[in-house]
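Source file model-v1.txt; content: compact mmCIF, C-alpha atoms.
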# COMPACT_ATOMS: atom_id res chain seq x y z
CA MET A 1 10.65 220.33 -57.43
CA SER A 2 13.53 218.17 -56.25
CA TYR A 3 14.78 215.09 -58.10
CA ASN A 4 13.60 212.80 -55.29
CA THR A 5 10.12 214.32 -55.35
CA ARG A 6 9.86 213.91 -59.11
CA LEU A 7 11.04 210.30 -58.84
CA THR A 8 8.49 209.55 -56.13
CA LEU A 9 5.67 211.01 -58.20
CA LEU A 10 6.80 209.07 -61.29
CA ILE A 11 6.83 205.76 -59.39
CA ALA A 12 3.40 206.49 -57.90
CA ALA A 13 2.01 207.21 -61.36
CA MET A 14 3.47 203.98 -62.71
CA LEU A 15 1.91 202.00 -59.88
CA LEU A 16 -1.47 203.59 -60.55
CA LEU A 17 -1.30 202.88 -64.28
CA ALA A 18 -0.10 199.29 -64.00
CA PRO A 19 -3.43 197.72 -62.97
CA VAL A 20 -5.24 199.69 -65.68
CA ALA A 21 -2.83 198.57 -68.38
CA SER A 22 -2.98 194.93 -67.33
CA GLY A 23 -6.75 195.10 -67.14
CA THR A 24 -7.30 196.50 -70.63
CA ALA A 25 -6.77 193.14 -72.35
CA ALA A 26 -9.92 191.04 -72.18
CA GLU A 27 -10.35 187.31 -72.67
CA ILE A 28 -13.41 186.61 -74.83
CA LYS A 29 -14.81 183.09 -74.68
CA VAL A 30 -17.08 182.33 -77.62
CA LEU A 31 -19.55 179.46 -77.99
CA ASN A 32 -20.41 179.11 -81.66
CA ALA A 33 -21.93 176.93 -84.33
CA ASN A 34 -18.98 175.15 -85.90
CA ALA A 35 -19.73 176.22 -89.47
CA LEU A 36 -18.35 179.68 -88.62
CA THR A 37 -15.24 178.62 -86.74
CA ILE A 38 -12.61 178.77 -89.50
CA ALA A 39 -13.53 182.27 -90.65
CA MET A 40 -13.88 183.63 -87.12
CA LYS A 41 -10.53 182.24 -85.98
CA GLU A 42 -8.76 183.98 -88.83
CA LEU A 43 -10.47 187.28 -88.06
CA ALA A 44 -9.97 186.90 -84.31
CA ALA A 45 -6.22 186.48 -84.73
CA ASP A 46 -6.05 189.90 -86.40
CA PHE A 47 -8.44 191.35 -83.81
CA THR A 48 -6.09 190.20 -81.04
CA LYS A 49 -3.09 191.83 -82.72
CA LYS A 50 -4.94 195.12 -82.96
CA THR A 51 -6.64 195.18 -79.55
CA GLY A 52 -4.72 192.82 -77.28
CA ASN A 53 -7.98 191.06 -76.47
CA THR A 54 -7.66 187.29 -76.77
CA VAL A 55 -10.43 185.10 -78.19
CA SER A 56 -11.11 181.39 -77.68
CA PHE A 57 -13.75 179.40 -79.54
CA VAL A 58 -15.85 176.41 -78.56
CA GLY A 59 -17.18 175.30 -81.95
CA VAL A 60 -19.93 172.68 -81.84
CA SER A 61 -23.14 171.88 -83.71
CA PRO A 62 -26.12 174.24 -83.23
CA GLY A 63 -27.88 171.54 -81.25
CA LEU A 64 -24.96 171.27 -78.85
CA VAL A 65 -24.79 175.06 -78.54
CA GLU A 66 -28.39 174.91 -77.34
CA GLN A 67 -27.62 172.10 -74.91
CA ARG A 68 -24.65 173.93 -73.41
CA ILE A 69 -26.63 177.13 -72.89
CA LYS A 70 -29.47 175.21 -71.26
CA ALA A 71 -26.95 173.46 -69.01
CA GLY A 72 -25.89 176.84 -67.66
CA GLU A 73 -22.42 177.06 -69.19
CA THR A 74 -21.16 180.64 -69.30
CA TYR A 75 -19.60 182.41 -72.27
CA ASP A 76 -18.90 186.00 -73.25
CA LEU A 77 -20.45 185.65 -76.70
CA VAL A 78 -22.72 183.10 -78.37
CA ILE A 79 -23.25 182.58 -82.10
CA THR A 80 -25.89 180.07 -83.12
CA ALA A 81 -28.78 179.36 -85.44
CA THR A 82 -31.31 182.20 -85.58
CA ALA A 83 -34.30 180.17 -84.40
CA SER A 84 -32.41 179.03 -81.31
CA ALA A 85 -31.09 182.54 -80.62
CA GLN A 86 -34.62 183.95 -80.84
CA ALA A 87 -35.95 181.35 -78.41
CA PHE A 88 -33.20 182.12 -75.89
CA GLU A 89 -33.92 185.83 -76.25
CA GLN A 90 -37.54 185.21 -75.26
CA GLU A 91 -36.26 183.36 -72.20
CA GLY A 92 -34.18 186.39 -71.20
CA ARG A 93 -30.82 184.67 -71.64
CA TRP A 94 -29.24 187.52 -73.64
CA ARG A 95 -28.39 191.06 -72.68
CA ALA A 96 -31.15 193.26 -74.07
CA GLY A 97 -30.55 194.50 -77.59
CA THR A 98 -27.45 192.39 -78.28
CA ARG A 99 -28.94 189.72 -80.58
CA HIS A 100 -28.23 190.54 -84.23
CA PRO A 101 -27.93 188.62 -87.54
CA LEU A 102 -24.31 187.71 -88.26
CA ALA A 103 -24.03 185.36 -91.25
CA ARG A 104 -25.63 182.62 -93.29
CA VAL A 105 -24.35 179.54 -95.07
CA GLY A 106 -25.80 177.40 -97.84
CA ILE A 107 -25.20 173.88 -99.04
CA GLY A 108 -22.20 173.09 -101.20
CA VAL A 109 -20.87 170.06 -103.04
CA ALA A 110 -17.72 168.23 -101.95
CA VAL A 111 -15.76 166.08 -104.41
CA ARG A 112 -12.37 164.39 -104.57
CA ASP A 113 -9.52 166.67 -105.59
CA GLY A 114 -9.21 166.71 -109.37
CA VAL A 115 -12.85 165.85 -110.07
CA LYS A 116 -14.75 168.46 -112.09
CA VAL A 117 -18.48 168.99 -111.47
CA ASP A 118 -20.74 171.41 -113.31
CA LEU A 119 -22.90 173.29 -110.80
CA SER A 120 -23.59 176.25 -113.05
CA SER A 121 -27.30 175.53 -113.39
CA VAL A 122 -30.08 173.57 -111.74
CA GLU A 123 -30.09 171.05 -114.58
CA SER A 124 -26.33 170.51 -114.58
CA THR A 125 -26.35 170.06 -110.78
CA ARG A 126 -29.22 167.63 -111.03
CA LYS A 127 -27.37 165.65 -113.72
CA ALA A 128 -24.17 165.55 -111.65
CA LEU A 129 -25.99 164.07 -108.67
CA LEU A 130 -27.85 161.59 -110.84
CA ASP A 131 -24.62 160.49 -112.52
CA ALA A 132 -22.78 160.03 -109.21
CA LYS A 133 -22.55 156.40 -108.13
CA SER A 134 -22.92 157.42 -104.50
CA ILE A 135 -23.43 160.56 -102.44
CA THR A 136 -23.28 161.43 -98.76
CA HIS A 137 -24.56 164.05 -96.35
CA SER A 138 -25.09 164.34 -92.61
CA ALA A 139 -28.07 162.51 -91.20
CA PRO A 140 -31.03 164.88 -90.66
CA GLY A 141 -32.48 165.12 -87.18
CA GLY A 142 -29.15 165.25 -85.36
CA ASN A 143 -27.52 168.15 -83.53
CA GLY A 144 -26.47 169.75 -86.81
CA LEU A 145 -28.62 171.43 -89.45
CA SER A 146 -26.73 170.72 -92.68
CA GLY A 147 -28.22 167.24 -93.04
CA ALA A 148 -31.77 168.56 -92.97
CA ASN A 149 -30.85 171.27 -95.47
CA ALA A 150 -29.16 168.77 -97.79
CA VAL A 151 -32.42 166.81 -97.82
CA LYS A 152 -34.31 170.00 -98.70
CA VAL A 153 -31.87 170.77 -101.54
CA LEU A 154 -32.36 167.29 -102.99
CA ALA A 155 -36.12 167.80 -102.76
CA ASN A 156 -35.79 171.17 -104.51
CA LEU A 157 -33.91 169.37 -107.27
CA GLY A 158 -36.62 166.74 -107.51
CA LEU A 159 -34.16 164.00 -106.54
CA THR A 160 -35.52 162.72 -103.23
CA ASP A 161 -36.48 159.31 -104.55
CA SER A 162 -33.88 159.09 -107.32
CA VAL A 163 -30.83 159.23 -105.02
CA LYS A 164 -32.25 157.52 -101.94
CA GLU A 165 -30.70 154.12 -102.60
CA LYS A 166 -27.21 155.48 -103.26
CA THR A 167 -27.08 157.96 -100.37
CA LYS A 168 -24.87 157.15 -97.37
CA LEU A 169 -25.94 159.13 -94.34
CA SER A 170 -23.21 160.24 -91.96
CA SER A 171 -23.80 160.66 -88.25
CA GLY A 172 -20.15 161.09 -87.33
CA ASP A 173 -17.38 163.64 -87.73
CA LEU A 174 -17.40 165.64 -90.96
CA ALA A 175 -13.75 164.87 -91.56
CA ASP A 176 -14.51 161.15 -91.41
CA SER A 177 -17.44 161.37 -93.80
CA GLN A 178 -15.51 163.56 -96.25
CA ALA A 179 -12.58 161.16 -96.05
CA LEU A 180 -14.82 158.63 -97.84
CA ILE A 181 -14.86 161.03 -100.78
CA ALA A 182 -11.07 161.36 -100.73
CA LYS A 183 -10.74 157.56 -100.77
CA GLY A 184 -13.11 157.26 -103.71
CA GLU A 185 -15.67 155.32 -101.67
CA VAL A 186 -18.24 158.09 -102.23
CA ASP A 187 -18.44 160.36 -105.28
CA MET A 188 -20.07 163.52 -103.92
CA GLY A 189 -21.13 165.06 -100.62
CA LEU A 190 -23.59 167.78 -99.63
CA PHE A 191 -22.42 169.85 -96.67
CA ASN A 192 -22.37 173.43 -95.43
CA VAL A 193 -20.22 175.36 -97.91
CA SER A 194 -18.04 176.63 -95.05
CA GLU A 195 -17.29 173.09 -93.90
CA ILE A 196 -15.80 171.92 -97.19
CA PRO A 197 -13.15 170.65 -97.11
CA ARG A 198 -12.69 168.98 -93.75
CA ALA A 199 -10.47 166.17 -95.03
CA PRO A 200 -7.30 166.10 -97.15
CA GLY A 201 -7.94 165.28 -100.77
CA VAL A 202 -11.41 166.85 -100.77
CA VAL A 203 -12.29 170.13 -102.48
CA ARG A 204 -15.30 172.39 -102.72
CA ALA A 205 -16.87 172.12 -106.17
CA GLY A 206 -19.07 175.09 -105.30
CA PRO A 207 -22.45 175.93 -103.80
CA VAL A 208 -25.62 174.51 -105.30
CA PRO A 209 -27.50 176.99 -107.55
CA ALA A 210 -29.41 179.79 -105.81
CA ALA A 211 -32.74 178.54 -107.14
CA VAL A 212 -32.50 175.36 -105.04
CA GLN A 213 -30.32 176.65 -102.21
CA VAL A 214 -31.28 176.36 -98.53
CA TYR A 215 -29.54 178.50 -95.89
CA ILE A 216 -28.80 178.34 -92.20
CA ASN A 217 -28.92 181.79 -90.62
CA TYR A 218 -26.78 182.58 -87.60
CA ASP A 219 -27.18 185.29 -84.96
CA SER A 220 -24.73 186.63 -82.40
CA ALA A 221 -25.77 187.54 -78.86
CA VAL A 222 -24.14 188.48 -75.58
CA PRO A 223 -25.34 186.34 -72.64
CA ALA A 224 -26.98 188.11 -69.73
CA THR A 225 -24.27 186.60 -67.52
CA ASN A 226 -21.61 188.72 -69.25
CA ALA A 227 -21.28 191.71 -66.93
CA ALA A 228 -18.66 193.43 -69.11
CA PRO A 229 -19.89 193.07 -72.71
CA ASP A 230 -17.82 195.77 -74.41
CA ALA A 231 -15.05 193.45 -75.63
CA ALA A 232 -17.53 190.91 -77.05
CA LEU A 233 -19.49 193.66 -78.80
CA ALA A 234 -16.25 195.06 -80.24
CA LEU A 235 -15.39 191.60 -81.60
CA ILE A 236 -18.74 191.37 -83.38
CA LYS A 237 -18.19 194.83 -84.89
CA TYR A 238 -14.81 193.64 -86.09
CA PHE A 239 -16.37 190.58 -87.72
CA GLN A 240 -18.88 192.81 -89.52
CA ARG A 241 -16.52 195.50 -90.81
CA PRO A 242 -16.23 195.74 -94.62
CA ALA A 243 -12.56 194.71 -94.53
CA SER A 244 -13.55 191.36 -92.99
CA ARG A 245 -15.85 190.35 -95.82
CA ALA A 246 -13.08 188.77 -97.89
CA VAL A 247 -12.45 186.26 -95.11
CA TRP A 248 -16.13 185.38 -94.86
CA ASP A 249 -16.39 185.03 -98.64
CA LYS A 250 -13.36 182.74 -98.77
CA ALA A 251 -14.95 180.53 -96.12
CA GLY A 252 -18.21 180.30 -98.07
CA LEU A 253 -20.22 182.38 -95.64
CA GLU A 254 -22.36 185.42 -96.38
CA ILE A 255 -22.00 188.09 -93.71
CA ALA A 256 -25.09 190.05 -92.71
CA ALA A 257 -25.17 193.81 -93.18
CA GLU A 258 -24.27 195.89 -90.14

Show how you would write the structure in this file as structure tokens.
Amino acid sequence: MSYNTRLTLLIAAMLLLAPVASGTAAEIKVLNANALTIAMKELAADFTKKTGNTVSFVGVSPGLVEQRIKAGETYDLVITATASAQAFEQEGRWRAGTRHPLARVGIGVAVRDGVKVDLSSVESTRKALLDAKSITHSAPGGNGLSGANAVKVLANLGLTDSVKEKTKLSSGDLADSQALIAKGEVDMGLFNVSEIPRAPGVVRAGPVPAAVQVYINYDSAVPATNAAPDAALALIKYFQRPASRAVWDKAGLEIAAE
């Protein structure tokens, strides 16, 4: 075979391979409940390094996830509260067999940096909340779910009436409401563990005890509009691998078993 023939064949092969190579990297657009955003962004950065597939996140409250799906917005992957994911599955909005449990998050206590709170038992947690001059949590009934769960935790502690007068409900941004704790205007806050802290000067004292804990469960699902689901499914597998659990744990989230 002559040199010119070999060169021609080599160039032809390169031209054939070029579109394949450029097409191997997928762009995965994720709509997710915001409580999972920090952990998933850290994992997705490593996923991108290993696969070349890029990932972008639209992190909003579960209620807004529902609104966006109903409005017809298109995404490659959706992660939202289980009840909502189940309802959308019944409506045929997911690709068959792609809805699976992903993670859950409980309620934790936010305090100003340097403040020590004993959450080791139900009684010590109850005492800490009773001793606090003021507490805050998201208003229940909004687009988020942490406010409703904070109310349930207080009920489990038998504190519904005891703390009512000193509770400041927040209907705004979590960073703004947690900033009140940093400024010393509020002593303690009840939020999703994974969303503490959201403001400088605020730390996570820990989750409330298991005996009074209330969880939000989250599912992942691939929308029926995603005609090429392999990259999204690979991302979920990456989130669920054993090596990823340290990231979920650090963020205060419990990852579901594969």

**Study point:** 6 Å contact set for range 177-193 of chain A, all atoms listed in the file, chain neighbours under 2 positions out, as a list in words
**Key:** Gly106, Ile107, Gly108, Val109, Ala110, Val111, Arg112, Ala132, Ser134, Ile135, Thr136, His137, Ser146, Ala150, Leu174, Ala175, Glu195, Ile196, Ala199, Gly201, Val202 and Gly252 of chain A

Can those selected residues be exported to a file as an mmCIF file, keeping the file's coordinate frame so that it contains C-alpha atoms?
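Now in out-v1.cif:
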data_model
loop_
_atom_site.group_PDB
_atom_site.id
_atom_site.type_symbol
_atom_site.label_atom_id
_atom_site.label_comp_id
_atom_site.auth_asym_id
_atom_site.auth_seq_id
_atom_site.Cartn_x
_atom_site.Cartn_y
_atom_site.Cartn_z
ATOM 1 C CA GLY A 106 -25.800 177.400 -97.840
ATOM 2 C CA ILE A 107 -25.200 173.880 -99.040
ATOM 3 C CA GLY A 108 -22.200 173.090 -101.200
ATOM 4 C CA VAL A 109 -20.870 170.060 -103.040
ATOM 5 C CA ALA A 110 -17.720 168.230 -101.950
ATOM 6 C CA VAL A 111 -15.760 166.080 -104.410
ATOM 7 C CA ARG A 112 -12.370 164.390 -104.570
ATOM 8 C CA ALA A 132 -22.780 160.030 -109.210
ATOM 9 C CA SER A 134 -22.920 157.420 -104.500
ATOM 10 C CA ILE A 135 -23.430 160.560 -102.440
ATOM 11 C CA THR A 136 -23.280 161.430 -98.760
ATOM 12 C CA HIS A 137 -24.560 164.050 -96.350
ATOM 13 C CA SER A 146 -26.730 170.720 -92.680
ATOM 14 C CA ALA A 150 -29.160 168.770 -97.790
ATOM 15 C CA LEU A 174 -17.400 165.640 -90.960
ATOM 16 C CA ALA A 175 -13.750 164.870 -91.560
ATOM 17 C CA GLU A 195 -17.290 173.090 -93.900
ATOM 18 C CA ILE A 196 -15.800 171.920 -97.190
ATOM 19 C CA ALA A 199 -10.470 166.170 -95.030
ATOM 20 C CA GLY A 201 -7.940 165.280 -100.770
ATOM 21 C CA VAL A 202 -11.410 166.850 -100.770
ATOM 22 C CA GLY A 252 -18.210 180.300 -98.070
#

Point to revise | Spatial neighbours of Arg104 in chain A, 6 Å, all atoms listed in the file, chain gap at least 3 places, as a PyMOL selection string | key: chain A and resi 216-218+253-254

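The gap separating CA of Asp113 in chain A from CA of Arg204 in chain A is 8.6 Å, in Å to one decimal.
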
Within 12 Å of range 234-242 of chain A, which residues of range 89-194 of chain A show up? Give each one with its shortest atom-to-atom distance in Å (one decimal) and the two atoms involved, counting all atoms listed in the file, rows by chain then rising residue number, as CSV.
residue,atom,partner,partner_atom,distance
A:Thr98,CA,A:Ile236,CA,10.1
A:Arg99,CA,A:Ile236,CA,10.7
A:His100,CA,A:Ile236,CA,9.6
A:Pro101,CA,A:Gln240,CA,10.2
A:Leu102,CA,A:Gln240,CA,7.6
A:Ala103,CA,A:Gln240,CA,9.2

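Ranking A:Gln90, A:Asn143, A:Thr74, A:Asn34 by their shortest atom-to-atom distance to Ser194 in chain A, with only C-alpha atoms included, puts A:Asn34 first.
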
**Study point:** Between CA of Val105 in chain A and CA of Arg126 in chain A - distance in Å to one decimal
**Key:**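 A separation of 20.5 Å between them.
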
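Candidate residues A:Ser170, A:Asn156, A:Thr54, A:Ser162 were compared for distance to Val214 in chain A, and the nearest is A:Asn156, using only C-alpha atoms.
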
**Study point:** Residue contacts of Lys250 in chain A (9 Å, only C-alpha atoms) excluding same-chain residues fewer than 4 positions away, as a count of residues only
**Key:** 4

Point to revise | Asp230 in chain A environment, 12 Å, only C-alpha atoms, sequence neighbours closer than 2 positions dropped, as an NGL selection string | key: :A and (24-28 or 53 or 76-77 or 95 or 98 or 222 or 226-228 or 232-237)
